[in-house]
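Data from target.txt: compact mmCIF, C-alpha atoms and all ligand atoms
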```txt
# COMPACT_ATOMS: atom_id res chain seq x y z
CA MET A 1 12.69 15.60 -26.72
CA ASN A 2 11.94 11.94 -25.98
CA GLU A 3 9.35 11.05 -23.41
CA LEU A 4 11.08 10.30 -20.13
CA ILE A 5 9.07 7.24 -19.27
CA SER A 6 7.77 4.52 -21.52
CA VAL A 7 4.22 3.32 -21.17
CA ASP A 8 2.58 0.50 -23.10
CA PRO A 9 0.22 1.91 -25.80
CA ASP A 10 -2.69 -0.14 -24.38
CA VAL A 11 -2.24 1.45 -20.99
CA ARG A 12 -1.92 5.02 -22.30
CA GLU A 13 -5.60 5.35 -23.08
CA LEU A 14 -6.53 4.27 -19.55
CA LEU A 15 -4.03 6.71 -18.06
CA ALA A 16 -5.60 9.59 -19.99
CA VAL A 17 -9.01 8.66 -18.55
CA VAL A 18 -7.56 8.46 -15.03
CA GLN A 19 -5.74 11.78 -15.40
CA GLU A 20 -8.99 13.47 -16.43
CA PHE A 21 -10.89 11.80 -13.56
CA CYS A 22 -8.27 13.07 -11.11
CA GLU A 23 -8.17 16.61 -12.46
CA LYS A 24 -11.94 17.02 -12.68
CA GLU A 25 -13.31 14.92 -9.83
CA VAL A 26 -10.57 14.09 -7.34
CA ALA A 27 -8.64 17.39 -7.12
CA PRO A 28 -11.69 19.48 -6.07
CA ARG A 29 -12.48 16.98 -3.27
CA VAL A 30 -9.03 16.50 -1.81
CA ARG A 31 -9.44 19.02 0.96
CA ASP A 32 -12.76 17.57 2.14
CA ILE A 33 -11.23 14.11 2.16
CA GLU A 34 -8.16 15.28 4.08
CA ASP A 35 -10.41 17.03 6.59
CA ALA A 36 -11.45 13.50 7.51
CA ALA A 37 -14.68 13.33 5.50
CA ALA A 38 -13.44 9.93 4.22
CA ILE A 39 -13.37 8.68 0.68
CA TYR A 40 -16.52 6.62 1.32
CA ASP A 41 -18.64 9.74 1.76
CA THR A 42 -17.97 10.63 -1.88
CA ASP A 43 -18.85 8.87 -5.12
CA LEU A 44 -15.17 8.60 -6.09
CA LEU A 45 -14.85 4.87 -5.47
CA ARG A 46 -17.89 4.11 -7.61
CA THR A 47 -16.59 6.32 -10.42
CA ALA A 48 -13.21 4.60 -10.14
CA ALA A 49 -15.03 1.26 -10.36
CA ALA A 50 -16.86 2.40 -13.48
CA ILE A 51 -13.44 3.13 -15.03
CA GLY A 52 -12.43 -0.36 -13.90
CA LEU A 53 -9.64 0.54 -11.48
CA GLN A 54 -10.44 -1.86 -8.62
CA GLY A 55 -10.87 -4.75 -11.07
CA LEU A 56 -7.64 -4.36 -13.05
CA ILE A 57 -5.87 -7.45 -11.68
CA PHE A 58 -8.82 -9.86 -11.90
CA ASP A 59 -9.85 -12.00 -14.88
CA GLY A 60 -13.61 -11.82 -14.25
CA GLU A 61 -13.77 -15.56 -13.52
CA GLY A 62 -12.43 -15.61 -10.00
CA GLY A 63 -8.76 -15.62 -11.02
CA ILE A 64 -5.86 -13.16 -11.20
CA GLU A 65 -4.98 -11.34 -14.43
CA PRO A 66 -1.17 -10.87 -14.26
CA ALA A 67 -1.24 -8.36 -17.14
CA GLY A 68 -3.23 -6.07 -14.86
CA PHE A 69 -0.44 -5.38 -12.36
CA VAL A 70 1.34 -2.79 -14.50
CA PRO A 71 -1.83 -0.78 -15.33
CA ALA A 72 -2.79 -0.93 -11.64
CA HIS A 73 0.62 0.45 -10.70
CA GLU A 74 0.59 3.15 -13.39
CA THR A 75 -2.92 4.34 -12.55
CA ASN A 76 -2.04 4.36 -8.85
CA GLU A 77 0.86 6.70 -9.55
CA ILE A 78 -1.49 9.24 -11.12
CA VAL A 79 -4.18 8.87 -8.44
CA ALA A 80 -1.62 9.17 -5.61
CA SER A 81 -0.27 12.37 -7.14
CA TYR A 82 -3.71 13.87 -6.33
CA SER A 83 -4.88 11.84 -3.34
CA GLY A 84 -2.86 9.28 -1.41
CA SER A 85 -6.05 8.26 0.38
CA LEU A 86 -7.87 7.39 -2.83
CA ALA A 87 -4.86 5.45 -4.17
CA LEU A 88 -4.76 3.53 -0.88
CA ALA A 89 -8.49 2.71 -0.99
CA LEU A 90 -8.22 1.43 -4.57
CA SER A 91 -5.08 -0.58 -3.83
CA ILE A 92 -6.47 -2.29 -0.77
CA ALA A 93 -9.61 -3.28 -2.66
CA ARG A 94 -7.31 -5.03 -5.16
CA LEU A 95 -5.16 -6.48 -2.35
CA HIS A 96 -8.15 -7.99 -0.56
CA GLY A 97 -9.50 -9.32 -3.86
CA TYR A 98 -6.07 -10.78 -4.63
CA MET A 99 -6.05 -12.66 -1.31
CA LEU A 100 -9.59 -13.95 -1.91
CA CYS A 101 -8.80 -15.15 -5.44
CA ARG A 102 -5.58 -16.88 -4.42
CA TYR A 103 -6.51 -18.45 -1.13
CA ALA A 104 -10.22 -18.33 -0.25
CA ALA A 105 -12.87 -20.96 -0.91
CA PRO A 106 -14.84 -20.05 -4.06
CA GLU A 107 -18.06 -19.35 -2.12
CA ILE A 108 -16.20 -16.91 0.18
CA ARG A 109 -14.44 -15.24 -2.74
CA ASP A 110 -17.69 -14.88 -4.66
CA ARG A 111 -19.39 -13.34 -1.65
CA TRP A 112 -16.98 -10.40 -1.37
CA LEU A 113 -15.11 -9.95 -4.65
CA PRO A 114 -17.92 -8.38 -6.73
CA GLY A 115 -18.52 -5.70 -4.08
CA LEU A 116 -14.81 -4.87 -3.87
CA VAL A 117 -14.55 -4.47 -7.63
CA ALA A 118 -17.71 -2.33 -7.69
CA GLY A 119 -16.42 0.00 -4.95
CA GLU A 120 -19.31 -1.01 -2.69
CA ALA A 121 -17.82 -3.55 -0.25
CA PHE A 122 -14.81 -2.95 1.96
CA GLY A 123 -12.39 -5.28 3.62
CA ALA A 124 -9.41 -5.20 5.95
CA PHE A 125 -6.09 -7.02 6.18
CA ALA A 126 -5.40 -7.69 9.83
CA ILE A 127 -1.97 -8.77 11.03
CA SER A 128 -0.76 -6.17 13.56
CA GLU A 129 -1.73 -6.17 17.23
CA PRO A 130 -1.18 -3.72 20.07
CA HIS A 131 2.03 -5.54 21.12
CA ALA A 132 3.03 -7.05 17.78
CA GLY A 133 3.95 -4.94 14.76
CA THR A 134 7.33 -5.72 13.23
CA ASP A 135 7.54 -8.87 15.37
CA VAL A 136 4.68 -10.73 13.72
CA ARG A 137 5.49 -13.96 15.60
CA ALA A 138 4.39 -12.16 18.78
CA ILE A 139 0.72 -12.00 17.75
CA THR A 140 -1.66 -13.54 20.28
CA THR A 141 -4.92 -13.73 18.34
CA VAL A 142 -5.82 -17.39 18.44
CA ALA A 143 -8.25 -19.61 16.52
CA ARG A 144 -9.34 -22.74 18.38
CA ARG A 145 -11.13 -25.57 16.64
CA ASP A 146 -14.65 -26.27 17.96
CA GLY A 147 -16.64 -28.85 15.99
CA ASP A 148 -16.94 -27.63 12.40
CA ASP A 149 -15.95 -24.07 13.34
CA TYR A 150 -13.04 -22.06 14.64
CA VAL A 151 -13.46 -19.69 17.57
CA LEU A 152 -11.39 -16.53 17.28
CA ASP A 153 -10.13 -14.44 20.22
CA GLY A 154 -7.78 -11.47 20.10
CA GLU A 155 -7.31 -7.85 19.13
CA LYS A 156 -5.92 -6.38 15.93
CA SER A 157 -4.71 -2.80 15.85
CA TRP A 158 -3.67 -0.29 13.18
CA ILE A 159 -6.10 -1.84 10.72
CA THR A 160 -6.57 0.28 7.63
CA GLN A 161 -10.25 0.62 6.75
CA GLY A 162 -11.12 -1.38 9.90
CA PRO A 163 -13.91 1.03 10.94
CA ARG A 164 -15.56 0.71 7.48
CA SER A 165 -14.99 -2.95 6.69
CA GLU A 166 -17.56 -5.67 6.25
CA PHE A 167 -14.99 -8.46 6.31
CA ALA A 168 -11.36 -8.93 7.26
CA VAL A 169 -8.56 -11.31 6.37
CA VAL A 170 -7.25 -12.10 9.86
CA LEU A 171 -3.95 -13.76 10.79
CA ALA A 172 -4.24 -15.99 13.86
CA LYS A 173 -2.34 -18.67 15.69
CA LEU A 174 -3.86 -22.12 15.78
CA GLU A 175 -4.88 -23.64 19.13
CA HIS A 176 -2.35 -21.82 21.34
CA ARG A 177 -0.57 -18.48 21.59
CA GLY A 178 3.00 -19.81 21.75
CA ARG A 179 5.59 -18.11 19.59
CA GLU A 180 6.06 -21.11 17.33
CA ALA A 181 2.36 -21.94 16.95
CA ASP A 182 1.11 -22.78 13.47
CA THR A 183 -0.78 -19.91 11.85
CA ALA A 184 -3.75 -19.57 9.56
CA ALA A 185 -5.61 -16.72 7.89
CA PHE A 186 -9.40 -16.47 8.06
CA VAL A 187 -11.86 -14.41 6.06
CA VAL A 188 -14.07 -13.12 8.85
CA ASP A 189 -17.49 -11.58 8.25
CA LEU A 190 -17.35 -8.63 10.65
CA GLY A 191 -21.10 -8.89 11.19
CA THR A 192 -20.49 -12.17 13.11
CA PRO A 193 -21.31 -12.01 16.84
CA GLY A 194 -18.09 -11.45 18.79
CA ALA A 195 -16.44 -9.31 16.09
CA SER A 196 -16.30 -5.54 16.58
CA ALA A 197 -14.47 -2.51 15.21
CA GLY A 198 -13.13 0.49 17.12
CA PRO A 199 -13.49 4.12 16.04
CA ALA A 200 -11.18 5.80 13.53
CA GLU A 201 -7.82 6.93 14.97
CA PRO A 202 -6.53 10.45 14.27
CA LEU A 203 -3.51 10.17 11.95
CA ILE A 204 -1.30 12.69 10.15
CA GLY A 205 -1.69 11.08 6.73
CA PHE A 206 -4.00 9.03 4.51
CA ARG A 207 -6.75 10.76 6.44
CA GLY A 208 -9.49 9.84 3.98
CA VAL A 209 -9.23 6.13 4.84
CA PRO A 210 -10.15 5.45 8.48
CA LEU A 211 -7.97 3.11 10.55
CA GLY A 212 -8.75 1.40 13.84
CA THR A 213 -8.86 -1.77 15.92
CA LEU A 214 -10.72 -5.01 15.27
CA SER A 215 -11.61 -7.20 18.24
CA PHE A 216 -12.66 -10.82 18.34
CA SER A 217 -14.18 -12.37 21.42
CA GLY A 218 -15.55 -15.89 21.05
CA CYS A 219 -16.09 -15.09 17.37
CA ARG A 220 -17.22 -18.28 15.63
CA VAL A 221 -16.12 -18.65 11.99
CA PRO A 222 -16.87 -21.65 9.77
CA GLU A 223 -14.13 -23.99 8.59
CA ALA A 224 -14.71 -22.74 5.02
CA ALA A 225 -13.50 -19.29 6.08
CA ARG A 226 -9.97 -20.62 6.65
CA MET A 227 -7.72 -19.69 3.76
CA ARG A 228 -5.97 -22.49 1.93
CA VAL A 229 -2.45 -21.46 2.79
CA ASP A 230 -0.10 -21.33 5.74
CA GLY A 231 -1.02 -18.10 7.55
CA PHE A 232 2.36 -16.35 7.45
CA GLY A 233 3.08 -17.48 3.90
CA GLY A 234 -0.23 -16.22 2.54
CA MET A 235 -0.03 -12.93 4.38
CA LEU A 236 3.53 -12.39 3.13
CA ASP A 237 2.31 -12.84 -0.44
CA GLY A 238 -0.26 -10.09 0.19
CA VAL A 239 2.33 -7.95 1.96
CA ASN A 240 4.61 -8.15 -1.09
CA LEU A 241 1.81 -6.76 -3.21
CA ALA A 242 1.18 -4.06 -0.59
CA ARG A 243 4.90 -3.15 -0.69
CA LEU A 244 4.67 -2.64 -4.43
CA ASP A 245 1.58 -0.50 -3.84
CA CYS A 246 3.62 1.60 -1.39
CA ALA A 247 6.18 2.10 -4.17
CA SER A 248 3.40 3.29 -6.49
CA TYR A 249 2.13 5.84 -3.92
CA ALA A 250 5.72 7.02 -3.40
CA LEU A 251 6.19 7.47 -7.13
CA GLY A 252 2.87 9.31 -7.27
CA PHE A 253 4.09 11.70 -4.57
CA LEU A 254 7.37 12.24 -6.46
CA ARG A 255 5.52 12.83 -9.72
CA GLY A 256 3.07 15.15 -7.97
CA ALA A 257 5.95 17.04 -6.33
CA LEU A 258 7.52 17.57 -9.76
CA ARG A 259 4.19 18.76 -11.17
CA GLU A 260 3.33 21.06 -8.27
CA CYS A 261 6.84 22.53 -7.93
CA THR A 262 7.48 23.19 -11.61
CA THR A 263 4.03 24.78 -12.02
CA TYR A 264 4.35 26.94 -8.93
CA LEU A 265 7.92 28.05 -9.57
CA ALA A 266 7.13 28.94 -13.19
CA ASP A 267 4.43 31.35 -11.94
CA ARG A 268 6.20 32.70 -8.90
CA GLU A 269 8.53 35.63 -9.57
CA ALA A 270 11.29 36.79 -7.24
CA PHE A 271 14.15 39.17 -7.98
CA GLY A 272 12.61 39.95 -11.39
CA ALA A 273 12.40 36.42 -12.82
CA PRO A 274 10.36 33.25 -12.42
CA LEU A 275 11.92 31.15 -9.67
CA VAL A 276 11.98 28.11 -11.95
CA ARG A 277 14.95 29.74 -13.71
CA ASN A 278 16.99 29.89 -10.52
CA PRO A 279 19.89 27.40 -10.85
CA LEU A 280 19.81 26.41 -7.18
CA LEU A 281 16.13 25.51 -7.41
CA GLN A 282 16.67 23.78 -10.77
CA ALA A 283 19.35 21.61 -9.17
CA GLN A 284 16.84 20.54 -6.53
CA LEU A 285 14.27 19.75 -9.22
CA GLY A 286 16.95 17.75 -11.04
CA THR A 287 17.58 15.58 -7.99
CA MET A 288 13.82 15.12 -7.59
CA LEU A 289 13.50 13.96 -11.20
CA ALA A 290 16.43 11.55 -10.83
CA ALA A 291 14.81 10.09 -7.68
CA TYR A 292 11.52 9.60 -9.55
CA LEU A 293 13.12 7.93 -12.56
CA ALA A 294 15.41 5.67 -10.52
CA GLY A 295 12.51 4.62 -8.28
CA ARG A 296 10.25 4.01 -11.24
CA HIS A 297 12.69 1.70 -13.00
CA LEU A 298 13.36 -0.25 -9.83
CA ALA A 299 9.65 -0.52 -8.99
CA HIS A 300 8.83 -1.82 -12.47
CA ALA A 301 11.58 -4.45 -12.22
CA ALA A 302 10.11 -5.59 -8.87
CA LEU A 303 6.58 -5.52 -10.24
CA GLY A 304 7.68 -7.64 -13.22
CA SER A 305 9.02 -10.25 -10.83
CA PHE A 306 5.76 -10.29 -8.85
CA ALA A 307 3.53 -10.42 -11.93
CA ALA A 308 5.60 -13.18 -13.59
CA GLY A 309 5.04 -15.58 -10.71
CA GLY A 310 1.60 -14.36 -9.65
CA GLY A 311 3.15 -13.94 -6.21
CA ASP A 312 5.16 -17.20 -6.35
CA GLY A 313 8.91 -17.01 -6.84
CA VAL A 314 8.85 -13.25 -6.42
CA ASP A 315 12.26 -11.62 -5.96
CA THR A 316 11.75 -10.36 -2.42
CA ALA A 317 15.06 -8.44 -2.42
CA LEU A 318 13.90 -6.49 -5.46
CA VAL A 319 10.52 -5.80 -3.81
CA SER A 320 12.23 -4.66 -0.58
CA ALA A 321 14.66 -2.46 -2.49
CA ALA A 322 11.82 -0.88 -4.49
CA LYS A 323 9.76 -0.23 -1.34
CA LEU A 324 12.74 1.16 0.59
CA VAL A 325 14.17 3.36 -2.14
CA THR A 326 10.91 4.84 -3.41
CA THR A 327 9.42 5.58 0.02
CA GLU A 328 12.64 7.12 1.36
CA SER A 329 12.91 9.22 -1.82
CA ALA A 330 9.29 10.34 -1.44
CA MET A 331 9.97 11.43 2.15
CA ALA A 332 13.16 13.29 1.21
CA GLN A 333 11.77 14.90 -1.92
CA SER A 334 8.40 15.87 -0.48
CA THR A 335 10.35 17.72 2.23
CA VAL A 336 12.18 19.55 -0.56
CA ALA A 337 8.88 20.20 -2.37
CA VAL A 338 7.36 21.87 0.70
CA GLN A 339 10.48 24.05 0.96
CA LEU A 340 10.38 24.97 -2.74
CA LEU A 341 6.88 26.41 -2.37
CA GLY A 342 7.94 28.55 0.59
CA GLY A 343 5.01 29.52 2.82
CA ALA A 344 2.54 28.11 0.30
CA GLY A 345 4.12 24.70 0.87
CA VAL A 346 2.60 24.37 4.34
CA HIS A 347 -0.86 25.59 3.30
CA THR A 348 -3.45 22.89 2.79
CA ASP A 349 -4.45 24.52 -0.51
CA HIS A 350 -1.30 22.95 -1.92
CA LEU A 351 -0.84 19.20 -2.35
CA VAL A 352 2.87 19.09 -1.42
CA GLN A 353 2.12 19.03 2.31
CA SER A 354 -0.04 15.92 1.85
CA TYR A 355 2.84 14.11 0.06
CA PHE A 356 5.00 15.00 3.04
CA ARG A 357 2.48 13.62 5.58
CA ASP A 358 1.64 10.49 3.58
CA SER A 359 5.29 9.73 2.79
CA LYS A 360 6.12 9.33 6.47
CA ILE A 361 3.44 6.66 6.73
CA ILE A 362 4.71 4.59 3.81
CA GLU A 363 8.14 4.47 5.44
CA ILE A 364 6.42 2.63 8.33
CA ILE A 365 3.73 0.36 6.86
CA ASP A 366 4.35 -2.98 5.14
CA GLY A 367 7.76 -3.34 6.76
CA THR A 368 9.47 -0.29 8.20
CA SER A 369 12.50 1.13 6.41
CA GLN A 370 14.76 -0.43 9.03
CA ILE A 371 13.32 -3.89 8.38
CA HIS A 372 13.90 -3.57 4.64
CA GLN A 373 17.44 -2.36 5.33
CA LEU A 374 18.02 -5.40 7.54
CA MET A 375 16.63 -7.85 4.97
CA LEU A 376 18.67 -6.27 2.18
CA GLY A 377 21.75 -6.15 4.39
CA ARG A 378 21.46 -9.88 5.01
CA THR A 379 21.13 -10.46 1.26
CA ALA A 380 24.15 -8.28 0.57
CA ALA A 381 26.25 -10.20 3.10
CA ARG A 382 25.31 -13.54 1.51
CA LEU A 383 26.50 -12.56 -1.97
CA ASP A 384 29.94 -12.79 -3.48
CA TRP A 385 30.75 -9.25 -4.60
CA THR A 386 34.15 -10.24 -6.01
CA ALA A 387 32.48 -12.26 -8.80
CA PRO A 388 31.97 -10.63 -12.24
CA VAL A 389 28.25 -11.12 -11.66
CA PRO A 390 27.54 -10.88 -7.91
CA GLY A 391 25.76 -14.05 -6.83
CA PRO A 392 25.69 -16.71 -4.13
CA ARG A 393 29.13 -17.52 -2.73
CA ARG A 394 30.73 -20.72 -4.08
CA ARG A 395 31.77 -23.27 -1.50
CA ALA A 396 35.56 -23.75 -1.26
C1 LIG A 401 -1.18 4.23 8.72
C2 LIG A 401 -0.92 2.82 9.10
C3 LIG A 401 -1.66 1.81 8.50
C4 LIG A 401 -1.48 0.49 8.87
N1 LIG A 401 -2.30 -0.48 8.32
C5 LIG A 401 -2.18 -1.76 8.75
C6 LIG A 401 -3.10 -2.76 8.30
O1 LIG A 401 -4.01 -2.50 7.49
N2 LIG A 401 -2.97 -4.02 8.78
C7 LIG A 401 -2.00 -4.36 9.67
O2 LIG A 401 -1.94 -5.52 10.04
N3 LIG A 401 -1.12 -3.43 10.14
C8 LIG A 401 -1.19 -2.14 9.71
N4 LIG A 401 -0.33 -1.18 10.19
C9 LIG A 401 0.67 -1.55 11.18
C10 LIG A 401 2.07 -1.53 10.60
O3 LIG A 401 2.26 -2.66 9.80
C11 LIG A 401 3.04 -1.45 11.78
O4 LIG A 401 2.93 -0.15 12.34
C12 LIG A 401 4.46 -1.71 11.36
O5 LIG A 401 4.61 -3.07 11.04
C13 LIG A 401 5.45 -1.37 12.47
O6 LIG A 401 5.06 -1.99 13.67
P1 LIG A 401 4.96 -1.14 15.03
O7 LIG A 401 4.21 0.10 14.72
O8 LIG A 401 4.43 -2.03 16.06
O9 LIG A 401 6.43 -0.72 15.34
P2 LIG A 401 7.51 -1.60 16.21
O10 LIG A 401 7.54 -2.99 15.66
O11 LIG A 401 7.14 -1.40 17.63
O12 LIG A 401 8.82 -0.85 15.84
C14 LIG A 401 9.19 0.40 16.43
C15 LIG A 401 10.51 0.85 15.78
O13 LIG A 401 11.52 -0.14 16.02
C16 LIG A 401 12.04 -0.60 14.77
N5 LIG A 401 12.33 -2.03 14.88
C17 LIG A 401 11.50 -3.00 15.31
N6 LIG A 401 12.11 -4.19 15.25
C18 LIG A 401 13.34 -3.97 14.75
C19 LIG A 401 14.45 -4.79 14.44
N7 LIG A 401 14.44 -6.12 14.62
N8 LIG A 401 15.56 -4.20 13.93
C20 LIG A 401 15.61 -2.87 13.72
N9 LIG A 401 14.58 -2.03 13.99
C21 LIG A 401 13.48 -2.58 14.49
C22 LIG A 401 10.97 -0.32 13.73
O14 LIG A 401 11.53 -0.17 12.43
C23 LIG A 401 10.39 1.00 14.26
O15 LIG A 401 11.17 2.07 13.84
C24 LIG A 401 -0.49 0.15 9.82
C25 LIG A 401 0.29 1.16 10.41
C26 LIG A 401 0.07 2.48 10.06
C27 LIG A 401 0.93 3.53 10.72
```
Can the structure from this file be put into structure tokens for me?
Amino acid sequence: MNELISVDPDVRELLAVVQEFCEKEVAPRVRDIEDAAAIYDTDLLRTAAAIGLQGLIFDGEGGIEPAGFVPAHETNEIVASYSGSLALALSIARLHGYMLCRYAAPEIRDRWLPGLVAGEAFGAFAISEPHAGTDVRAITTVARRDGDDYVLDGEKSWITQGPRSEFAVVLAKLEHRGREADTAAFVVDLGTPGASAGPAEPLIGFRGVPLGTLSFSGCRVPEAARMRVDGFGGMLDGVNLARLDCASYALGFLRGALRECTTYLADREAFGAPLVRNPLLQAQLGTMLAAYLAGRHLAHAALGSFAAGGGDGVDTALVSAAKLVTTESAMAQSTVAVQLLGGAGVHTDHLVQSYFRDSKIIEIIDGTSQIHQLMLGRTAARLDWTAPVPGPRRRA
């Protein structure tokens, strides 16, 4: 039988190393991590760094290596199938590094990038605020120019890794808080007076990566910390990468669900035969496999578009579709996976319940499902579906 998925020969070797790392070192720690011990209290990030996982998309000279996006995505799938939290921690290290390489002054990039790649420095990506989530224009964090510096005031909430971060990429309005104010992103050293982080919030999923608030009160940041891009535009570039990362976690949960369910049902006998031979359960596994394969092909098409432009000219409809379809499939299929394991499915000894908890979160972060539906709906309405190749409508 042919292999179901094709993987570049160069990447295969890396995947074998990652699979072994996950089986031997991640799997035995998952329960500690999920019991809120946090990834950072283990040596997993440093081992991942020794394999090279955080550095995959960087060229070693302060630039981006586009050929690294596919290996990053493939390795994430495997890692997420064991620990969503670890996949998230690795992905956000790459995301923060990506933002630094694309938009930060070289001295700022060189201050933080080596630590991110080594699994020793941690950053945050701070857009959301207590009263501004989906409606990003409603943010009220403001940066006012004062001599050679900017002075930052405001509060960011729901910030992944906030309680552990040494720096944060912060979106702020310039000079005033009005809805239409210009925006900028700043790389803020969280050791600066006036910057503070709140405690970790109790969440249902991704429990190994703490999340909390970041507050700025008269926090003075140098001009050099301002990123060289319009604030919204730069953040959206990062958010597109984060959406593709969400797709990779979702595919990891689908892959993990297939692995955990087929293994369990092959061992579990009922009515005199292994349950894996039951046609009703096989039909459910079939739908799960179809969801994984469909999501994987779509995600790779979206990833190709992102990698080709290094973030520029990315097909945002493809990225939205990949994020929406894979995360909704992960939610639906992890629910099935819990059911397929019966009582064992809700026991923390089994990974399926973690896919279920983490999947709900990836339907919310980086654009909720509704927002992706809206954006795709607008795209659909703009196209001419009567044409042989659906495309923009021709003017009469
Ligand atoms: C685990 C986790 C990690 C996160 N990490 C980060 C992070 O690192 N950095 C960061 O900046 N943010 C982060 N966030 C915040 C996340 O981006 C927001 O939660 C998300 O954007 C939704 O915003 P909200 O929670 O304010 O929901 P709201 O915007 O209040 O939305 C509530 C509901 O209304 C719906 N809704 C809102 N507007 C519309 C509309 N126009 N049309 C239709 N439906 C709509 C939404 O889909 C949702 O169902 C994180 C959130 C979570 C849960």
>> Taking all atoms listed in the file into account, name the residue in A:Ala105, A:Leu258, A:Met288, A:Ala89 that is nearest to ligand LIG 401 (chain A).
In response: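 Using all atoms listed in the file, ligand LIG 401 (chain A) sits closest to A:Ala89.
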Could you give me the axis-aligned bounding box of range 9-21 of chain A, with 5 Å of padding per side, as centre plus edge lengths in Å to one decimal, as lines of an AutoDock Vina configuration file?
```
center_x = -5.3
center_y = 6.7
center_z = -19.7
size_x = 21.1
size_y = 23.6
size_z = 22.2
```
>> Which residue is closest to ligand LIG 401 (chain A)? Choose from A:Val325, A:Ala184, A:Ile364, A:Ala330 and count only C-alpha atoms and all ligand atoms.
In response: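 Between A:Val325, A:Ala184, A:Ile364, A:Ala330, the residue approaching ligand LIG 401 (chain A) most closely is A:Ile364.
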>> Which residues are near ligand LIG 401 (chain A) in this structure, taking near to mean any atom at most 10 Å from a ligand atom and counting all atoms listed in the file? Format them as a PyMOL selection string.
In response: chain A and resi 92+123-136+156-162+168-171+201-207+209-213+235+239+242+358+360-375
> Closest to Ser85 in chain A among A:Leu53, A:Val187, A:Arg393, A:Gly208, using only C-alpha atoms?
Replying inline: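 Closest to Ser85 in chain A of all the choices is A:Gly208.
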> Taking into account all atoms listed in the file, which residue in the set A:Gly218, A:Gly304, A:Pro9, A:Gly295 is nearest to Ala195 in chain A?
Replying inline: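 Closest residue, counting all atoms listed in the file: A:Gly218.
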> In Å, how far is it from CA of Ala283 in chain A to CA of Arg255 in chain A?
Replying inline: 16.4 Å
